[in-house]
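The data block below is coords_10.txt; it holds compact mmCIF, C-alpha atoms.
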# COMPACT_ATOMS: atom_id res chain seq x y z
CA MET A 1 20.64 20.45 -22.07
CA MET A 2 19.39 16.91 -21.71
CA GLU A 3 17.69 15.45 -24.78
CA HIS A 4 13.91 15.04 -24.73
CA ALA A 5 14.18 11.32 -25.52
CA HIS A 6 16.58 10.73 -22.66
CA TYR A 7 14.32 12.62 -20.24
CA ARG A 8 11.19 10.76 -21.36
CA ALA A 9 12.83 7.35 -21.20
CA ALA A 10 13.98 8.09 -17.64
CA ILE A 11 10.61 9.40 -16.52
CA LEU A 12 8.79 6.45 -18.11
CA ALA A 13 10.98 4.14 -16.04
CA ASP A 14 10.31 6.09 -12.84
CA PRO A 15 7.78 8.94 -12.95
CA HIS A 16 8.74 9.94 -9.40
CA ASP A 17 12.47 10.19 -10.11
CA SER A 18 13.60 13.39 -8.35
CA ASP A 19 17.00 13.57 -10.04
CA ALA A 20 18.14 17.21 -10.27
CA GLU A 21 19.01 16.98 -13.97
CA LEU A 22 15.58 15.59 -14.80
CA ARG A 23 13.91 18.28 -12.73
CA ALA A 24 15.91 21.02 -14.44
CA HIS A 25 14.96 19.68 -17.86
CA ARG A 26 11.29 19.50 -16.88
CA GLU A 27 11.29 23.08 -15.65
CA ALA A 28 12.93 24.31 -18.86
CA CYS A 29 10.90 22.25 -21.37
CA ALA A 30 7.16 22.83 -21.68
CA GLU A 31 6.67 19.77 -23.91
CA CYS A 32 8.35 17.43 -21.47
CA ARG A 33 6.42 19.03 -18.61
CA ALA A 34 3.15 18.28 -20.42
CA PHE A 35 4.40 14.76 -21.13
CA THR A 36 5.15 14.29 -17.41
CA GLU A 37 1.75 15.57 -16.33
CA GLN A 38 0.07 13.16 -18.71
CA LEU A 39 2.21 10.33 -17.42
CA LEU A 40 1.47 11.17 -13.78
CA LYS A 41 -2.25 11.07 -14.47
CA PHE A 42 -1.81 7.60 -15.88
CA GLU A 43 0.36 6.69 -12.90
CA SER A 44 -2.44 7.64 -10.55
CA ARG A 45 -4.79 5.34 -12.51
CA LEU A 46 -2.20 2.58 -12.37
CA GLU A 47 -1.79 2.91 -8.59
CA ARG A 48 -5.54 2.68 -8.09
CA ALA A 49 -5.80 -0.24 -10.49
CA LEU A 50 -3.14 -2.24 -8.64
CA ARG A 51 -4.90 -1.78 -5.31
CA VAL A 52 -7.41 -4.53 -6.03
CA ASP A 53 -9.86 -5.10 -3.26
CA LEU A 54 -9.28 -8.57 -1.80
CA PRO A 55 -11.53 -8.91 1.24
CA PRO A 56 -10.42 -11.56 3.75
CA ARG A 57 -11.79 -15.06 3.37
CA GLY A 58 -10.51 -15.95 6.80
CA ASP A 59 -7.91 -18.50 5.81
CA VAL A 60 -4.83 -16.55 4.91
CA LEU A 61 -3.17 -16.06 8.26
CA PRO A 62 -0.63 -18.44 9.69
CA PHE A 63 -2.01 -21.13 12.03
CA ALA A 64 -5.48 -20.82 10.45
CA ARG A 65 -5.38 -24.29 8.87
CA LYS A 66 -3.99 -25.92 11.95
CA ARG A 67 -6.87 -24.55 13.97
CA ALA A 68 -9.44 -25.62 11.42
CA ASN A 69 -8.16 -29.21 11.42
CA ALA A 70 -7.98 -29.61 15.18
CA ALA A 71 -11.18 -31.13 16.59
CA PRO A 72 -11.91 -29.65 20.02
CA THR A 73 -12.77 -31.91 22.93
CA PRO A 74 -16.11 -31.37 24.81
CA ARG A 75 -14.18 -29.43 27.43
CA GLY A 76 -12.58 -27.52 24.58
CA TRP A 77 -16.02 -26.64 23.20
CA LEU A 78 -17.03 -25.19 26.58
CA ALA A 79 -13.85 -23.17 26.69
CA ILE A 80 -14.43 -21.94 23.15
CA ALA A 81 -18.04 -20.99 23.92
CA ALA A 82 -16.96 -19.13 27.03
CA SER A 83 -14.21 -17.37 25.11
CA VAL A 84 -16.61 -16.37 22.35
CA LEU A 85 -19.11 -14.96 24.85
CA LEU A 86 -16.42 -13.16 26.79
CA GLY A 87 -14.82 -11.91 23.58
CA ALA A 88 -18.16 -10.69 22.25
CA ALA A 89 -18.87 -8.91 25.53
CA ILE A 90 -15.47 -7.25 25.55
CA VAL A 91 -15.53 -6.33 21.87
CA GLY A 92 -19.13 -5.12 22.12
CA GLY A 93 -18.35 -3.06 25.20
CA VAL A 94 -15.26 -1.51 23.72
CA TRP A 95 -17.00 -0.86 20.45
CA LEU A 96 -19.89 0.92 22.15
CA THR A 97 -17.81 3.01 24.47
CA LEU A 98 -14.71 3.66 22.43
CA PRO A 99 -15.46 3.43 18.71
CA GLN A 100 -12.68 5.91 17.99
CA SER A 101 -10.02 3.60 19.43
CA SER A 102 -10.73 1.05 16.69
CA LEU A 103 -10.39 3.84 14.15
CA ALA A 104 -6.99 4.78 15.60
CA ALA A 105 -5.95 1.11 15.47
CA ALA A 106 -6.97 0.93 11.83
CA VAL A 107 -4.96 4.08 11.05
CA VAL A 108 -1.88 2.65 12.78
CA ALA A 109 -2.34 -0.73 11.05
CA HIS A 110 -2.47 1.13 7.74
CA MET A 111 0.96 2.65 8.48
CA ALA A 112 2.54 -0.80 8.57
CA GLY A 113 1.38 -1.37 5.01
CA GLU A 114 3.23 1.65 3.64
CA PRO A 115 6.55 2.01 5.49
CA GLU A 116 8.12 3.60 2.43
CA ALA A 117 5.91 6.66 2.97
CA TRP A 118 8.14 7.83 5.83
CA GLN A 119 11.37 7.47 3.91
CA ARG A 120 10.82 10.10 1.25
CA THR A 121 11.85 13.65 2.05
CA SER A 122 11.76 15.52 -1.27
CA ALA A 123 8.58 17.24 -2.40
CA VAL A 124 6.04 15.26 -4.39
CA PRO A 125 5.70 16.74 -7.92
CA THR A 126 2.87 19.28 -7.95
CA PRO A 127 0.72 17.52 -10.59
CA GLU A 128 0.89 14.29 -8.60
CA LEU A 129 -0.12 16.00 -5.37
CA GLU A 130 -2.93 17.87 -7.12
CA GLN A 131 -4.24 14.63 -8.57
CA VAL A 132 -4.47 13.04 -5.10
CA LEU A 133 -6.09 16.14 -3.59
CA ASN A 134 -8.49 16.62 -6.51
CA ASP A 135 -9.64 13.02 -6.15
CA SER A 136 -10.84 13.97 -2.65
CA LYS A 137 -12.07 17.44 -3.56
CA LEU A 138 -9.62 19.38 -1.45
CA ARG A 139 -6.60 21.58 -1.81
CA LEU A 140 -3.74 22.62 0.47
CA LYS A 141 -2.81 26.20 1.24
CA PRO A 142 0.72 27.17 0.12
CA ASP A 143 1.93 27.34 3.74
CA ALA A 144 1.01 23.69 4.42
CA GLY A 145 4.66 22.64 4.25
CA THR A 146 6.52 20.20 2.02
CA VAL A 147 4.43 17.18 1.11
CA SER A 148 6.86 14.31 0.58
CA TYR A 149 4.34 11.53 -0.02
CA ALA A 150 0.87 11.62 -1.48
CA THR A 151 -1.30 8.77 -2.55
CA THR A 152 -4.92 7.73 -2.48
CA CYS A 153 -5.42 4.67 -0.30
CA SER A 154 -8.19 2.23 0.32
CA PHE A 155 -9.17 2.60 3.99
CA ARG A 156 -12.18 0.91 5.60
CA GLY A 157 -13.94 0.72 2.24
CA HIS A 158 -13.26 4.27 1.10
CA ARG A 159 -10.61 6.03 -0.96
CA VAL A 160 -8.74 8.50 1.23
CA PRO A 161 -5.72 10.76 0.73
CA HIS A 162 -2.62 9.62 2.61
CA LEU A 163 -0.01 12.37 2.85
CA VAL A 164 3.30 12.84 4.63
CA VAL A 165 4.13 16.46 5.45
CA GLN A 166 7.61 17.51 6.51
CA THR A 167 7.42 19.75 9.60
CA ALA A 168 9.96 21.26 11.98
CA SER A 169 9.15 18.38 14.37
CA GLY A 170 9.72 15.74 11.68
CA PRO A 171 7.58 13.93 9.14
CA VAL A 172 3.88 13.82 9.93
CA THR A 173 1.40 11.47 8.32
CA VAL A 174 -2.00 12.93 7.53
CA MET A 175 -5.01 10.87 6.50
CA VAL A 176 -8.11 12.79 5.52
CA LEU A 177 -11.02 10.62 6.64
CA VAL A 178 -14.12 12.21 5.15
CA HIS A 179 -16.18 9.10 5.91
CA GLU A 180 -15.09 8.70 9.54
CA SER A 181 -16.52 10.85 12.32
CA VAL A 182 -15.21 11.35 15.83
CA ARG A 183 -17.01 13.41 18.44
CA ARG A 184 -13.92 14.97 19.96
CA PRO A 185 -10.14 14.97 19.40
CA THR A 186 -8.93 11.42 20.01
CA PRO A 187 -5.27 11.16 20.93
CA PHE A 188 -3.57 7.78 20.68
CA ASP A 189 -0.17 6.34 21.48
CA THR A 190 0.30 2.81 20.19
CA GLU A 191 2.79 0.61 18.34
CA GLY A 192 5.37 3.40 18.35
CA TYR A 193 2.99 5.95 16.82
CA ARG A 194 1.67 9.03 18.55
CA GLY A 195 -1.14 10.97 17.02
CA THR A 196 -4.64 12.26 17.18
CA ILE A 197 -7.83 12.08 15.17
CA VAL A 198 -9.62 15.40 15.11
CA PRO A 199 -13.20 16.05 14.02
CA VAL A 200 -13.76 18.31 11.01
CA PRO A 201 -17.38 19.44 11.08
CA GLY A 202 -19.06 18.52 7.81
CA HIS A 203 -15.98 16.69 6.49
CA GLY A 204 -15.48 13.71 8.79
CA SER A 205 -12.11 13.75 10.51
CA ILE A 206 -8.36 14.02 10.02
CA ALA A 207 -5.82 11.59 11.46
CA VAL A 208 -2.39 13.05 12.20
CA LEU A 209 0.42 10.87 13.51
CA MET A 210 4.16 10.73 14.01
CA ARG A 211 6.60 7.93 14.64
CA ASP A 212 8.42 9.78 17.42
CA PRO A 213 7.17 8.26 20.69
CA GLY A 214 8.80 11.09 22.64
CA ILE A 215 6.88 13.88 21.01
CA ASP A 216 4.77 16.02 23.28
CA ALA A 217 1.00 15.46 22.98
CA GLY A 218 0.51 19.23 22.91
CA GLU A 219 2.78 19.49 19.88
CA ILE A 220 0.72 16.82 18.09
CA GLU A 221 -2.40 18.86 18.79
CA ARG A 222 -0.76 22.02 17.43
CA ILE A 223 0.34 20.17 14.28
CA ALA A 224 -3.16 18.75 13.83
CA ALA A 225 -4.63 22.25 14.14
CA ARG A 226 -2.16 23.58 11.55
CA VAL A 227 -3.00 20.74 9.15
CA ASP A 228 -6.71 21.32 9.65
CA ASN A 229 -6.26 25.04 8.90
CA SER A 230 -4.22 24.40 5.78
CA ILE A 231 -6.92 22.28 4.09
CA VAL A 232 -9.33 24.02 1.74
CA TRP A 233 -12.46 21.98 1.02
CA LEU A 234 -13.67 22.33 -2.54
CA PRO A 235 -17.36 22.29 -3.40
CA MET B 236 5.28 -21.30 32.15
CA ASN B 237 7.20 -18.20 31.14
CA ASP B 238 8.30 -19.94 27.96
CA GLU B 239 4.69 -20.77 27.18
CA ALA B 240 3.57 -17.19 27.79
CA GLY B 241 6.46 -15.90 25.72
CA GLY B 242 5.55 -18.29 22.90
CA LYS B 243 1.94 -17.14 22.91
CA GLN B 244 3.06 -13.53 22.91
CA ARG B 245 5.43 -14.15 20.00
CA ARG B 246 2.68 -15.92 18.10
CA ALA B 247 0.16 -13.13 18.73
CA ARG B 248 2.69 -10.52 17.67
CA PHE B 249 3.49 -12.41 14.48
CA GLN B 250 -0.20 -12.88 13.74
CA ALA B 251 -0.79 -9.13 14.18
CA LEU B 252 2.11 -8.37 11.87
CA CYS B 253 0.73 -10.69 9.19
CA GLN B 254 -2.73 -9.22 9.65
CA SER B 255 -1.51 -5.67 9.06
CA LEU B 256 0.60 -6.59 6.02
CA ARG B 257 -1.87 -9.05 4.57
CA PRO B 258 -3.69 -6.74 2.08
CA ASP B 259 -0.49 -5.73 0.31
CA LEU B 260 1.00 -9.23 0.41
CA LEU B 261 -2.14 -10.68 -1.12
CA ARG B 262 -2.22 -7.97 -3.78
CA PHE B 263 1.40 -8.65 -4.61
CA ALA B 264 0.75 -12.40 -4.87
CA PHE B 265 -2.32 -11.72 -6.98
CA TRP B 266 -0.40 -9.63 -9.51
CA LEU B 267 2.36 -12.19 -9.52
CA SER B 268 0.01 -15.10 -10.25
CA ARG B 269 -3.03 -13.26 -11.68
CA ASP B 270 -5.10 -15.87 -9.87
CA ARG B 271 -6.78 -15.05 -6.58
CA ALA B 272 -7.10 -18.62 -5.29
CA LEU B 273 -3.47 -19.34 -6.08
CA ALA B 274 -2.44 -16.02 -4.49
CA GLU B 275 -4.20 -16.95 -1.25
CA ASP B 276 -2.50 -20.36 -1.19
CA VAL B 277 0.88 -18.79 -1.82
CA VAL B 278 0.39 -16.19 0.93
CA GLN B 279 -0.81 -18.84 3.38
CA GLU B 280 2.17 -21.09 2.73
CA SER B 281 4.54 -18.14 2.83
CA MET B 282 3.29 -17.07 6.22
CA LEU B 283 3.82 -20.53 7.63
CA ARG B 284 7.35 -20.54 6.22
CA ALA B 285 7.90 -17.06 7.62
CA TRP B 286 6.74 -18.18 11.07
CA LYS B 287 9.22 -21.06 11.01
CA ALA B 288 12.01 -18.76 9.84
CA GLN B 289 11.13 -15.75 11.96
CA ASP B 290 14.49 -15.76 13.71
CA SER B 291 16.02 -14.61 10.43
CA LEU B 292 13.96 -11.42 10.62
CA LEU B 293 16.23 -9.16 12.63
CA ASP B 294 14.29 -5.94 12.25
CA GLU B 295 10.49 -5.91 12.32
CA ALA B 296 10.48 -2.75 10.23
CA ALA B 297 11.90 -4.85 7.38
CA ALA B 298 9.09 -7.41 7.64
CA LYS B 299 7.37 -6.42 4.44
CA PRO B 300 10.30 -6.87 2.03
CA TRP B 301 11.26 -10.03 3.94
CA LEU B 302 7.78 -11.49 3.44
CA LEU B 303 7.66 -10.38 -0.20
CA THR B 304 10.85 -12.32 -0.87
CA ILE B 305 9.35 -15.40 0.78
CA ILE B 306 6.20 -15.00 -1.33
CA ARG B 307 8.21 -14.75 -4.55
CA ARG B 308 10.11 -17.94 -3.68
CA GLU B 309 6.96 -19.76 -2.65
CA TYR B 310 5.26 -18.76 -5.89
CA ALA B 311 8.24 -20.02 -7.89
CA ARG B 312 8.09 -23.31 -5.96
CA THR B 313 4.35 -23.65 -6.59
CA PHE B 314 4.93 -22.98 -10.24
CA GLU B 315 7.60 -25.69 -10.37
CA ARG B 316 5.47 -28.18 -8.43
CA LYS B 317 2.40 -27.76 -10.58
CA ARG B 318 4.47 -27.65 -13.76
CA PHE B 319 2.10 -25.17 -15.38
CA SER B 320 2.33 -25.19 -19.12
CA THR B 321 1.46 -22.03 -21.00
CA VAL B 322 -0.87 -19.68 -19.20
CA ASP B 323 -4.05 -18.74 -21.01
CA VAL B 324 -4.36 -15.06 -20.12
CA ASP B 325 -7.88 -14.71 -21.51
CA GLU B 326 -8.98 -17.60 -19.33
CA LEU B 327 -7.38 -15.95 -16.28
CA ILE B 328 -9.08 -12.65 -17.10
CA ALA B 329 -12.46 -14.36 -17.47
CA LYS B 330 -11.95 -16.16 -14.15
CA GLU B 331 -11.01 -12.99 -12.28
CA GLU B 332 -13.53 -10.75 -14.05
CA PRO B 333 -15.55 -9.88 -10.90
CA LEU B 334 -12.37 -8.78 -9.14
CA LEU B 335 -11.05 -6.79 -12.09
CA ALA B 336 -14.37 -5.11 -12.73
CA ALA B 337 -14.89 -4.23 -9.06
CA ALA B 338 -13.65 -0.68 -9.63
CA GLU B 339 -16.34 1.87 -10.25
CA GLU B 340 -14.46 3.40 -13.16
CA GLN B 341 -14.10 1.70 -16.52
CA ASP B 342 -10.61 3.15 -16.98
CA ILE B 343 -9.36 1.33 -13.87
CA ARG B 344 -10.71 -1.94 -15.22
CA ASP B 345 -8.91 -1.28 -18.51
CA VAL B 346 -5.59 -0.84 -16.69
CA ARG B 347 -6.18 -4.07 -14.74
CA ILE B 348 -6.87 -6.03 -17.93
CA ALA B 349 -3.74 -4.55 -19.52
CA MET B 350 -1.74 -5.50 -16.40
CA MET B 351 -3.00 -9.09 -16.65
CA LYS B 352 -1.68 -9.23 -20.21
CA LEU B 353 1.70 -7.70 -19.44
CA PRO B 354 4.55 -10.24 -19.61
CA ASP B 355 5.86 -11.43 -16.23
CA GLU B 356 9.25 -9.78 -16.66
CA TYR B 357 7.59 -6.37 -16.99
CA ARG B 358 4.68 -6.87 -14.61
CA GLU B 359 6.69 -7.89 -11.57
CA PRO B 360 9.12 -4.94 -11.38
CA LEU B 361 6.24 -2.57 -12.07
CA VAL B 362 4.21 -3.97 -9.17
CA LEU B 363 7.24 -3.78 -6.87
CA GLN B 364 7.78 -0.15 -7.83
CA VAL B 365 4.22 1.18 -7.93
CA LEU B 366 2.47 -0.92 -5.30
CA MET B 367 5.32 -1.70 -2.92
CA GLY B 368 7.28 1.53 -3.26
CA TYR B 369 10.57 -0.22 -4.06
CA SER B 370 13.44 1.84 -5.45
CA THR B 371 15.23 0.75 -8.63
CA ALA B 372 18.14 -0.59 -6.55
CA GLU B 373 15.76 -2.59 -4.31
CA ILE B 374 13.99 -4.10 -7.32
CA ALA B 375 17.35 -4.97 -8.86
CA ARG B 376 18.41 -6.72 -5.65
CA GLU B 377 15.12 -8.60 -5.32
CA LEU B 378 15.04 -9.77 -8.94
CA GLY B 379 18.78 -10.35 -9.31
CA LEU B 380 19.10 -7.85 -12.13
CA SER B 381 21.26 -4.81 -12.79
CA SER B 382 19.72 -1.38 -12.21
CA PRO B 383 19.84 -0.47 -15.94
CA ALA B 384 18.03 -3.74 -16.74
CA VAL B 385 15.32 -2.87 -14.21
CA LEU B 386 14.91 0.62 -15.66
CA THR B 387 14.59 -0.82 -19.16
CA ARG B 388 11.89 -3.23 -18.00
CA LEU B 389 9.99 -0.50 -16.19
CA TYR B 390 10.20 1.76 -19.23
CA ARG B 391 8.90 -1.00 -21.52
CA ALA B 392 6.21 -1.97 -19.04
CA ARG B 393 4.76 1.54 -18.98
CA ARG B 394 4.99 1.92 -22.75
CA GLN B 395 3.11 -1.33 -23.33
CA LEU B 396 0.58 -0.61 -20.64
CA ARG B 397 -0.19 2.89 -21.85
CA ALA B 398 -0.51 1.72 -25.44
CA ALA B 399 -2.86 -1.08 -24.38
CA CYS B 400 -5.01 1.44 -22.50
CA GLY B 401 -5.32 3.71 -25.54
CA GLU B 402 -3.07 6.47 -24.17
CA ASP B 403 -1.30 8.76 -26.61
CA THR B 404 2.21 7.28 -26.93
CA SER B 405 3.25 9.30 -29.99
CA GLN B 406 5.55 11.43 -27.83
CA ASP B 407 7.31 8.43 -26.29
CA PRO B 408 10.96 7.97 -27.23
CA GLN B 409 11.60 5.27 -29.80
CA GLU B 410 13.87 2.37 -28.88
Could you write out this file's structure as structure tokens?
Amino acid sequence: MMEHAHYRAAILADPHDSDAELRAHREACAECRAFTEQLLKFESRLERALRVDLPPRGDVLPFARKRANAAPTPRGWLAIAASVLLGAAIVGGVWLTLPQSSLAAAVVAHMAGEPEAWQRTSAVPTPELEQVLNDSKLRLKPDAGTVSYATTCSFRGHRVPHLVVQTASGPVTVMVLVHESVRRPTPFDTEGYRGTIVPVPGHGSIAVLMRDPGIDAGEIERIAARVDNSIVWLP
Amino acid sequence: MNDEAGGKQRRARFQALCQSLRPDLLRFAFWLSRDRALAEDVVQESMLRAWKAQDSLLDEAAAKPWLLTIIRREYARTFERKRFSTVDVDELIAKEEPLLAAAEEQDIRDVRIAMMKLPDEYREPLVLQVLMGYSTAEIARELGLSSPAVLTRLYRARRQLRAACGEDTSQDPQE
């Protein structure tokens, strides 16, 4: 059997290491299991601590400086004013009529920030998953499927669980959006992602999406319904 | 005309890519420099460099690690240019206090302060692993280290961090 010190050194270097020998040691050794659980709690704190909130100051995108330095001509000013008015009208119109589409865009934009989430296939250690779910006061039923990624993310000013569940149709990302409401199921198909945001009465909404652009919209709906049914909301 | 339209499209696409990756890139630069203003400068310069070198990005799915490498190099260049002497960590912490204390929970602030005090050689691989989701092999490649060296640094980083945050480290293996 692996020595405790060897196990603990390895798990301190990578608490998510899914090596079979490490897993076997953890299952056989209560002390090292307790050590791991303690470490994973700290890891959750560390993840949240590293996600410092750095709101945009408007000058960090490419071309921003160039634009700021360029003095527009009078004709340029007219063009800018017209663009601003037109832009405001379009944005205002879209915002009023389709608020959910901006939510879907934000969900898809969030995916680009965590591409590694799709790559993992092995199950997240139970204490780690529980920590993420407990933070949001929910739990998953045992038949929810294998959760291969679980973290708490900052999304539109709130902390939300971001999970990847392995299904027969492939990996599915689930974001539980307690603070975001939609009036009806909102399917979307953009940037190579297909998904839907479904309302959950009393608990905001759930976003479910896949990277497979060929997946049938009906299948997405069925997956979303299964995910919705597998969530237990804690008081 | 088509060239112009294509150029605008390319530019808009690149801008959208930067926009979506920006929060993590800025966080990475912040933990690298521990200085928000410097982090923003580094990210800004890096994005301009990235725009000029975008032909070297063959797969858009690999944009994040590609940009992180550019940010690391840009930060190193900035460091060389400004010829910083020793860094006063307490001064940095005092300067960034509003940012570090922004978390509702005191224990998160404690971890952030401990991270600020962690030596560079431990802080950087830890940020790549925890925040960016890099594997040991990817960190080794990025930092030009062997995998065992990365694991040792990560192990020491967590030991130091946990001790600084008052966690019970009596069960940790001794080196």
Would you compute, for all listed atoms of region 204-218 of chain A, the axis-aligned bounding box grown by 8 Å on each side, and then report its centre and edge lengths in Å rounded to one decimal, as JSON?
{"center_x": -3.3, "center_y": 13.6, "center_z": 16.0, "size_x": 40.3, "size_y": 27.3, "size_z": 30.5}
Residues near Ala372 (chain B), cut-off 9 Å, all atoms listed in the file, skip fewer than 2 positions along chain, as a PyMOL selection string: chain B and resi 369-370+374-377+381-382+385
Residue nearest Lys141 (chain A) among A:Val227, A:Val200, A:Val165, A:Met111 (counting all atoms listed in the file):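 Checking each candidate against Lys141 (chain A), we get A:Val227 as the closest.
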Top pick for closest residue to chain A, considering B:Leu335, B:Ala384, B:Ala399, B:Ala329 and counting all atoms listed in the file: B:Leu335
Interatomic distance (Å, one decimal) between CA of Ala24 (chain A) and CA of Pro161 (chain A):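 If I compute the distance from CA of Ala24 (chain A) to CA of Pro161 (chain A), I get 28.3 Å.
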Which residue of B:Ala336, B:Ala296, B:Val278, B:Ile348 approaches Ala264 (chain B) most closely, using all atoms listed in the file: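 Counting all atoms listed in the file, the residue closest to Ala264 (chain B) is B:Val278.
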CA of Gln406 (chain B) to CA of Pro354 (chain B), distance in Å rounded to a single decimal: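 These two atoms are separated by 23.2 Å.
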All residues 12 Å or closer to region 216-218 of chain A, all atoms listed in the file, same chain fewer than 2 positions away omitted, as a PyMOL selection string: chain A and resi 169+185-189+193-196+208-214+220-225
Top pick for closest residue to Glu331 (chain B), considering B:Arg397, B:Lys299, B:Arg344, B:Arg358 and counting all atoms listed in the file: B:Arg344
Test item: chain B residues at most 6 Å from chain A, counting all atoms listed in the file, as number ranges by chain: B: 255-256, 279, 282-283, 343, 347, 386, 389-390, 408
Let me see the file: selected residues, C-alpha atoms, as an mmCIF file, in the frame of the given file.
data_model
loop_
_atom_site.group_PDB
_atom_site.id
_atom_site.type_symbol
_atom_site.label_atom_id
_atom_site.label_comp_id
_atom_site.auth_asym_id
_atom_site.auth_seq_id
_atom_site.Cartn_x
_atom_site.Cartn_y
_atom_site.Cartn_z
ATOM 1 C CA SER B 255 -1.510 -5.670 9.060
ATOM 2 C CA LEU B 256 0.600 -6.590 6.020
ATOM 3 C CA GLN B 279 -0.810 -18.840 3.380
ATOM 4 C CA MET B 282 3.290 -17.070 6.220
ATOM 5 C CA LEU B 283 3.820 -20.530 7.630
ATOM 6 C CA ILE B 343 -9.360 1.330 -13.870
ATOM 7 C CA ARG B 347 -6.180 -4.070 -14.740
ATOM 8 C CA LEU B 386 14.910 0.620 -15.660
ATOM 9 C CA LEU B 389 9.990 -0.500 -16.190
ATOM 10 C CA TYR B 390 10.200 1.760 -19.230
ATOM 11 C CA PRO B 408 10.960 7.970 -27.230
#
Residue nearest Ala251 (chain B) among B:Glu280, B:Asp345, B:Glu295, B:Glu275 (counting only C-alpha atoms):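 So, comparing all the options, the nearest one is B:Glu295.
Here CA of Arg184 (chain A) is placed at a distance of 26.4 Å from CA of Val147 (chain A).
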Polymer residues at most 8 Å from region 124-138 of chain A, all atoms listed in the file, same-chain spacing of 2 or more positions, as an MDAnalysis selection string: chainID A and resid 16 37 40:41 44 122 140 147:152 160:161 231:235
Take the residues from that selection and write them out as a PDB file, in the frame of the given file, keeping C-alpha atoms.
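Everything below was put into selection_26.pdb:
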ATOM      1  CA  HIS A  16       8.740   9.940  -9.400  1.00  0.00           C
ATOM      2  CA  GLU A  37       1.750  15.570 -16.330  1.00  0.00           C
ATOM      3  CA  LEU A  40       1.470  11.170 -13.780  1.00  0.00           C
ATOM      4  CA  LYS A  41      -2.250  11.070 -14.470  1.00  0.00           C
ATOM      5  CA  SER A  44      -2.440   7.640 -10.550  1.00  0.00           C
ATOM      6  CA  SER A 122      11.760  15.520  -1.270  1.00  0.00           C
ATOM      7  CA  LEU A 140      -3.740  22.620   0.470  1.00  0.00           C
ATOM      8  CA  VAL A 147       4.430  17.180   1.110  1.00  0.00           C
ATOM      9  CA  SER A 148       6.860  14.310   0.580  1.00  0.00           C
ATOM     10  CA  TYR A 149       4.340  11.530  -0.020  1.00  0.00           C
ATOM     11  CA  ALA A 150       0.870  11.620  -1.480  1.00  0.00           C
ATOM     12  CA  THR A 151      -1.300   8.770  -2.550  1.00  0.00           C
ATOM     13  CA  THR A 152      -4.920   7.730  -2.480  1.00  0.00           C
ATOM     14  CA  VAL A 160      -8.740   8.500   1.230  1.00  0.00           C
ATOM     15  CA  PRO A 161      -5.720  10.760   0.730  1.00  0.00           C
ATOM     16  CA  ILE A 231      -6.920  22.280   4.090  1.00  0.00           C
ATOM     17  CA  VAL A 232      -9.330  24.020   1.740  1.00  0.00           C
ATOM     18  CA  TRP A 233     -12.460  21.980   1.020  1.00  0.00           C
ATOM     19  CA  LEU A 234     -13.670  22.330  -2.540  1.00  0.00           C
ATOM     20  CA  PRO A 235     -17.360  22.290  -3.400  1.00  0.00           C
TER      21      PRO A 235
END
Exercise: residues within 12 Å of coordinate (-18.8, 20.6, 9.8), counting all atoms listed in the file, as a VMD selection string: chain A and resid 178 181 to 183 198 to 205 233
Minimum-distance residue to Leu396 (chain B), chosen among B:Ser291, B:Gly368, B:Tyr357, B:Glu340 (using all atoms listed in the file): B:Tyr357
Near-Arg269 (chain B) list (9 Å; only C-alpha atoms; drop same-chain fewer than 6 positions) as a list in words: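 With the cut-off at 9 Å, the set is Val324, Leu327, Ile328, Glu331 and Met351 of chain B.
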